[in-house]
>>> print(open('input06.cif').read())   # mmCIF, C-alpha atoms and all ligand atoms
data_coords
#
loop_
_atom_site.label_atom_id
_atom_site.label_comp_id
_atom_site.auth_asym_id
_atom_site.auth_seq_id
_atom_site.Cartn_x
_atom_site.Cartn_y
_atom_site.Cartn_z
CA MET A 1 -1.91 -19.10 -18.45
CA ASN A 2 -0.50 -16.99 -15.64
CA PRO A 3 -3.49 -15.72 -13.64
CA PHE A 4 -1.48 -12.75 -12.35
CA VAL A 5 -1.02 -11.20 -15.77
CA PHE A 6 -3.88 -9.01 -16.97
CA GLU A 7 -4.39 -7.58 -20.42
CA VAL A 8 -4.91 -3.81 -20.22
CA GLY A 9 -4.38 -2.57 -23.79
CA GLN A 10 -8.07 -2.36 -24.56
CA LEU A 11 -8.78 -0.73 -21.22
CA LEU A 12 -6.16 1.98 -21.78
CA ARG A 13 -7.50 2.73 -25.26
CA SER A 14 -11.18 2.73 -24.31
CA GLY A 15 -10.77 4.48 -20.96
CA MET A 16 -13.45 2.22 -19.51
CA PRO A 17 -12.93 0.36 -16.23
CA GLU A 18 -13.13 -3.42 -16.29
CA THR A 19 -13.68 -6.15 -13.76
CA LEU A 20 -11.99 -9.42 -14.59
CA THR A 21 -11.57 -12.80 -12.94
CA GLN A 22 -8.69 -15.07 -13.86
CA GLU A 23 -7.84 -18.52 -12.61
CA GLY A 24 -4.76 -20.62 -13.01
CA PRO A 25 -1.72 -22.09 -11.32
CA ALA A 26 0.55 -19.95 -9.16
CA PRO A 27 3.76 -19.43 -11.16
CA GLN A 28 5.83 -19.66 -7.99
CA ARG A 29 5.51 -20.20 -4.26
CA ILE A 30 3.84 -17.22 -2.57
CA GLY A 31 4.35 -16.73 1.16
CA PRO A 32 6.81 -17.11 4.02
CA ALA A 33 8.64 -20.30 5.02
CA MET A 34 6.04 -22.09 7.16
CA ILE A 35 2.88 -21.48 5.14
CA ALA A 36 2.30 -20.39 1.56
CA ILE A 37 0.46 -20.85 -1.70
CA PRO A 38 2.53 -23.61 -3.30
CA GLU A 39 3.86 -23.26 -6.82
CA GLY A 40 1.29 -24.65 -9.23
CA ALA A 41 -1.63 -24.35 -6.80
CA GLU A 42 -4.85 -23.04 -8.30
CA VAL A 43 -5.52 -19.39 -7.52
CA ARG A 44 -8.39 -17.11 -8.46
CA ILE A 45 -7.91 -13.39 -8.86
CA ASP A 46 -10.75 -10.89 -9.05
CA ALA A 47 -9.43 -7.62 -10.37
CA ALA A 48 -11.09 -4.24 -10.82
CA LEU A 49 -8.95 -2.35 -13.33
CA THR A 50 -9.34 1.39 -13.68
CA PRO A 51 -7.65 3.38 -16.44
CA LEU A 52 -6.05 6.61 -15.19
CA GLY A 53 -4.98 8.00 -18.56
CA GLU A 54 -1.26 7.35 -18.27
CA ALA A 55 -1.64 4.51 -15.82
CA VAL A 56 -3.83 1.65 -14.66
CA MET A 57 -5.02 1.12 -11.13
CA ALA A 58 -5.54 -2.50 -10.12
CA ASP A 59 -7.66 -3.33 -7.12
CA ALA A 60 -7.43 -7.10 -6.83
CA THR A 61 -8.23 -9.94 -4.49
CA LEU A 62 -6.58 -13.32 -4.65
CA HIS A 63 -8.33 -16.44 -3.35
CA ALA A 64 -6.28 -19.58 -2.75
CA THR A 65 -5.65 -22.44 -0.36
CA LEU A 66 -2.49 -22.24 1.66
CA GLN A 67 -0.33 -25.20 2.53
CA GLY A 68 1.82 -25.23 5.61
CA GLN A 69 2.46 -26.68 9.01
CA CYS A 70 1.54 -25.64 12.51
CA SER A 71 4.72 -24.25 14.03
CA ARG A 72 3.89 -25.90 17.38
CA CYS A 73 2.61 -29.40 16.60
CA LEU A 74 3.53 -29.73 12.91
CA THR A 75 -0.03 -30.67 11.88
CA ALA A 76 -0.60 -29.92 8.22
CA LEU A 77 -2.60 -26.73 7.71
CA SER A 78 -4.53 -25.81 4.57
CA PRO A 79 -6.57 -22.70 5.32
CA GLU A 80 -8.24 -20.63 2.65
CA VAL A 81 -6.83 -17.16 2.21
CA ASP A 82 -7.88 -13.90 0.61
CA LEU A 83 -5.22 -11.32 -0.11
CA SER A 84 -6.02 -7.88 -1.48
CA ILE A 85 -3.75 -5.45 -3.21
CA ASN A 86 -4.08 -2.02 -4.72
CA GLU A 87 -1.40 -1.04 -7.17
CA VAL A 88 -0.89 1.59 -9.84
CA PHE A 89 0.94 0.60 -13.00
CA ALA A 90 2.44 3.40 -15.07
CA ALA A 91 1.76 3.30 -18.79
CA SER A 92 4.15 6.11 -19.73
CA GLU A 93 7.47 7.57 -18.66
CA ASP A 94 5.82 10.92 -17.92
CA PHE A 95 3.56 9.36 -15.39
CA ILE A 96 6.42 7.58 -13.65
CA GLN A 97 8.47 10.76 -13.29
CA GLY A 98 5.62 12.96 -12.14
CA GLU A 99 4.42 10.41 -9.67
CA ALA A 100 7.84 9.57 -8.25
CA ALA A 101 8.58 13.23 -7.63
CA GLU A 102 5.28 13.67 -5.86
CA GLU A 103 5.18 10.64 -3.67
CA ASP A 104 8.85 9.93 -3.11
CA GLU A 105 8.11 6.24 -3.33
CA ASP A 106 9.76 3.27 -4.89
CA GLU A 107 9.50 3.04 -8.63
CA LEU A 108 6.04 2.25 -9.88
CA PRO A 109 5.49 -1.01 -11.68
CA VAL A 110 4.86 -0.48 -15.37
CA VAL A 111 2.56 -1.70 -18.10
CA VAL A 112 4.58 -4.04 -20.33
CA ASN A 113 3.29 -5.06 -23.78
CA ASP A 114 -0.21 -3.97 -22.79
CA THR A 115 -0.18 -6.22 -19.73
CA ILE A 116 0.27 -5.79 -16.01
CA ASP A 117 1.66 -8.46 -13.70
CA LEU A 118 0.22 -8.48 -10.20
CA LEU A 119 2.55 -11.19 -8.92
CA GLN A 120 5.05 -8.91 -7.18
CA SER A 121 2.27 -7.02 -5.40
CA PHE A 122 0.84 -10.27 -4.08
CA LEU A 123 4.27 -11.57 -3.09
CA ASP A 124 4.74 -8.43 -1.01
CA GLU A 125 1.27 -8.69 0.47
CA ALA A 126 1.71 -12.37 1.34
CA GLY A 127 5.03 -11.59 2.98
CA LEU A 128 3.37 -8.95 5.14
CA ASN A 129 0.16 -10.79 5.98
CA LEU A 130 0.77 -14.51 6.18
CA PRO A 131 1.98 -15.73 9.58
CA PHE A 132 5.65 -16.57 10.04
CA ASN A 133 4.65 -18.98 12.83
CA PRO A 134 1.24 -20.38 11.83
CA VAL A 135 -0.62 -22.43 14.46
CA CYS A 136 -3.71 -24.64 14.43
CA GLU A 137 -6.88 -22.60 14.44
CA GLY A 138 -8.53 -22.75 17.87
CA GLY A 139 -5.46 -24.31 19.49
CA CYS A 140 -3.56 -27.47 18.73
CA GLU A 141 -5.68 -30.60 18.74
CA HIS A 142 -3.20 -32.55 20.80
CA GLY A 143 -3.04 -29.93 23.51
CA ASP A 144 0.37 -28.92 24.70
CA VAL A 145 2.69 -31.12 22.79
CA PRO A 146 6.05 -31.45 24.51
CA GLU A 147 8.67 -29.52 22.65
CA PRO A 148 11.18 -31.61 20.74
CA ASP A 149 14.32 -32.49 22.65
CA GLY A 150 16.80 -29.73 23.06
CA VAL A 151 14.25 -26.92 23.07
CA SER A 152 13.76 -25.13 26.36
CA GLY A 153 10.40 -24.20 27.81
CA GLU A 154 10.63 -20.64 26.62
CA THR A 155 8.38 -21.33 23.63
CA GLN A 156 5.48 -22.40 25.82
CA GLY A 157 2.51 -20.10 26.02
CA GLN A 158 2.43 -17.04 23.85
CA PRO A 159 5.95 -15.73 23.62
CA THR A 160 6.20 -11.98 23.55
CA ASP A 161 7.46 -10.76 20.26
CA PRO A 162 10.72 -9.02 21.15
CA ARG A 163 9.79 -6.13 18.88
CA TRP A 164 6.84 -5.30 21.13
CA ALA A 165 8.39 -6.21 24.47
CA GLY A 166 9.32 -2.63 25.17
CA LEU A 167 5.79 -1.45 24.42
CA GLU A 168 4.07 -3.62 26.96
CA LYS A 169 4.35 -1.09 29.75
CA PHE A 170 2.29 1.32 27.64
CA LEU A 171 -0.59 -1.08 27.09
ZN ZN A 201 -0.90 -27.19 16.06
#
>>> encode(input="input06.cif", output="structure tokens")
Amino acid sequence: MNPFVFEVGQLLRSGMPETLTQEGPAPQRIGPAMIAIPEGAEVRIDAALTPLGEAVMADATLHATLQGQCSRCLTALSPEVDLSINEVFAASEDFIQGEAAEEDEDELPVVVNDTIDLLQSFLDEAGLNLPFNPVCEGGCEHGDVPEPDGVSGETQGQPTDPRWAGLEKFL
């Protein structure tokens, strides 16, 4: 069973909020290149689902173990991670149109066959929150490992992200 897919038919009909926990294998890899929840890894999702009449609001937290490599010393990393999302799924066309006009946002995800799929929300969240260059927690165990041949010393220390370089003078 896909732990990202939640049944909401009953919730929409009853109008009562529900809190559900689902566990199962990740249907695909979730995260950037160096560290991610691997496909098939066990994940747990705690979801608070609130009916909004023509929509469902999902407030959910995913717990999983990441697999990756330190970008400096290539030690295997397997930290635990919690990712939280908050997403509204439209249950009717009216809701989609009204909401889109108001918020000028991307299209809302929709309720399909009385279910909502939180996967895309978590893929987005993982892309935003997981590190692109993960490193060992508390520094690399082997100290400063020499860079592989052919790499200059510019990666030593904490390189300044070029996006923020121009901001440094303001800090
Ligand atoms: Zn390391």
>>> residues_near_ligand(input="input06.cif", ligand="ligand ZN 201 (chain A)", cutoff="7 Å", atoms="only C-alpha atoms and all ligand atoms", output="PDB file with C-alpha atoms, keeping the file's coordinate frame")
ATOM      1  CA  CYS A  70       1.540 -25.640  12.510  1.00  0.00           C
ATOM      2  CA  SER A  71       4.720 -24.250  14.030  1.00  0.00           C
ATOM      3  CA  ARG A  72       3.890 -25.900  17.380  1.00  0.00           C
ATOM      4  CA  CYS A  73       2.610 -29.400  16.600  1.00  0.00           C
ATOM      5  CA  LEU A  74       3.530 -29.730  12.910  1.00  0.00           C
ATOM      6  CA  THR A  75      -0.030 -30.670  11.880  1.00  0.00           C
ATOM      7  CA  VAL A 135      -0.620 -22.430  14.460  1.00  0.00           C
ATOM      8  CA  CYS A 136      -3.710 -24.640  14.430  1.00  0.00           C
ATOM      9  CA  GLY A 139      -5.460 -24.310  19.490  1.00  0.00           C
ATOM     10  CA  CYS A 140      -3.560 -27.470  18.730  1.00  0.00           C
ATOM     11  CA  GLU A 141      -5.680 -30.600  18.740  1.00  0.00           C
TER      12      GLU A 141
END
>>> atom_distance(input="input06.cif", atom1="atom CA of A:Gly127", atom2="atom CA of A:Ser78")
17.2 Å
>>> atom_distance(input="input06.cif", atom1="atom CA of A:Gly24", atom2="atom CA of A:Glu7")
15.0 Å
>>> atom_distance(input="input06.cif", atom1="atom CA of A:Val8", atom2="atom CA of A:Met57")
10.3 Å
>>> closest_residue(input="input06.cif", among="A:Ala36, A:Ala91, A:Leu49, A:Leu11", to="A:Gln69", atoms="only C-alpha atoms")
A:Ala36
>>> axis_aligned_box(input="input06.cif", around="stretch 42-49 of chain A", padding_each_side="4 Å", output="AutoDock Vina command-line options")
--center_x -8.0 --center_y -12.7 --center_z -10.4 --size_x 14.2 --size_y 28.7 --size_z 13.8
>>> closest_residue(input="input06.cif", among="A:Asn129, A:Thr115, A:Thr19, A:Thr65", to="A:Glu42", atoms="all atoms listed in the file")
A:Thr65
>>> residues_around(input="input06.cif", residues="A:Ser14", least_positions_apart="3", cutoff="12 Å", atoms="only C-alpha atoms", output="number ranges by chain")
A: 8-11, 17-18, 50-53
>>> write_last_selection(input="input06.cif", atoms="C-alpha atoms", output="JSON list (two decimals), keeping the file's coordinate frame")
[["chain", "number", "residue", "atom", "x", "y", "z"],
["A", 8, "VAL", "CA", -4.91, -3.81, -20.22],
["A", 9, "GLY", "CA", -4.38, -2.57, -23.79],
["A", 10, "GLN", "CA", -8.07, -2.36, -24.56],
["A", 11, "LEU", "CA", -8.78, -0.73, -21.22],
["A", 17, "PRO", "CA", -12.93, 0.36, -16.23],
["A", 18, "GLU", "CA", -13.13, -3.42, -16.29],
["A", 50, "THR", "CA", -9.34, 1.39, -13.68],
["A", 51, "PRO", "CA", -7.65, 3.38, -16.44],
["A", 52, "LEU", "CA", -6.05, 6.61, -15.19],
["A", 53, "GLY", "CA", -4.98, 8.00, -18.56]]
>>> closest_residue(input="input06.cif", among="A:Asp117, A:Glu39, A:Glu125, A:Glu137", to="A:Phe4", atoms="only C-alpha atoms")
A:Asp117
>>> residues_around(input="input06.cif", residues="A:Val81", least_positions_apart="6", cutoff="9 Å", atoms="only C-alpha atoms", output="MDAnalysis selection string")
chainID A and resid 62:66 130
>>> closest_residue(input="input06.cif", among="A:Glu80, A:Asp46, A:Glu107, A:Asp124", to="A:Ala60", atoms="all atoms listed in the file")
A:Asp46
>>> closest_residue(input="input06.cif", among="A:Ala26, A:Val111, A:Leu118, A:Gly68", to="A:Asn86", atoms="all atoms listed in the file")
A:Leu118
>>> closest_residue(input="input06.cif", among="A:Leu123, A:Leu128, A:Ala33, A:Val88", to="A:Val110", atoms="only C-alpha atoms")
A:Val88
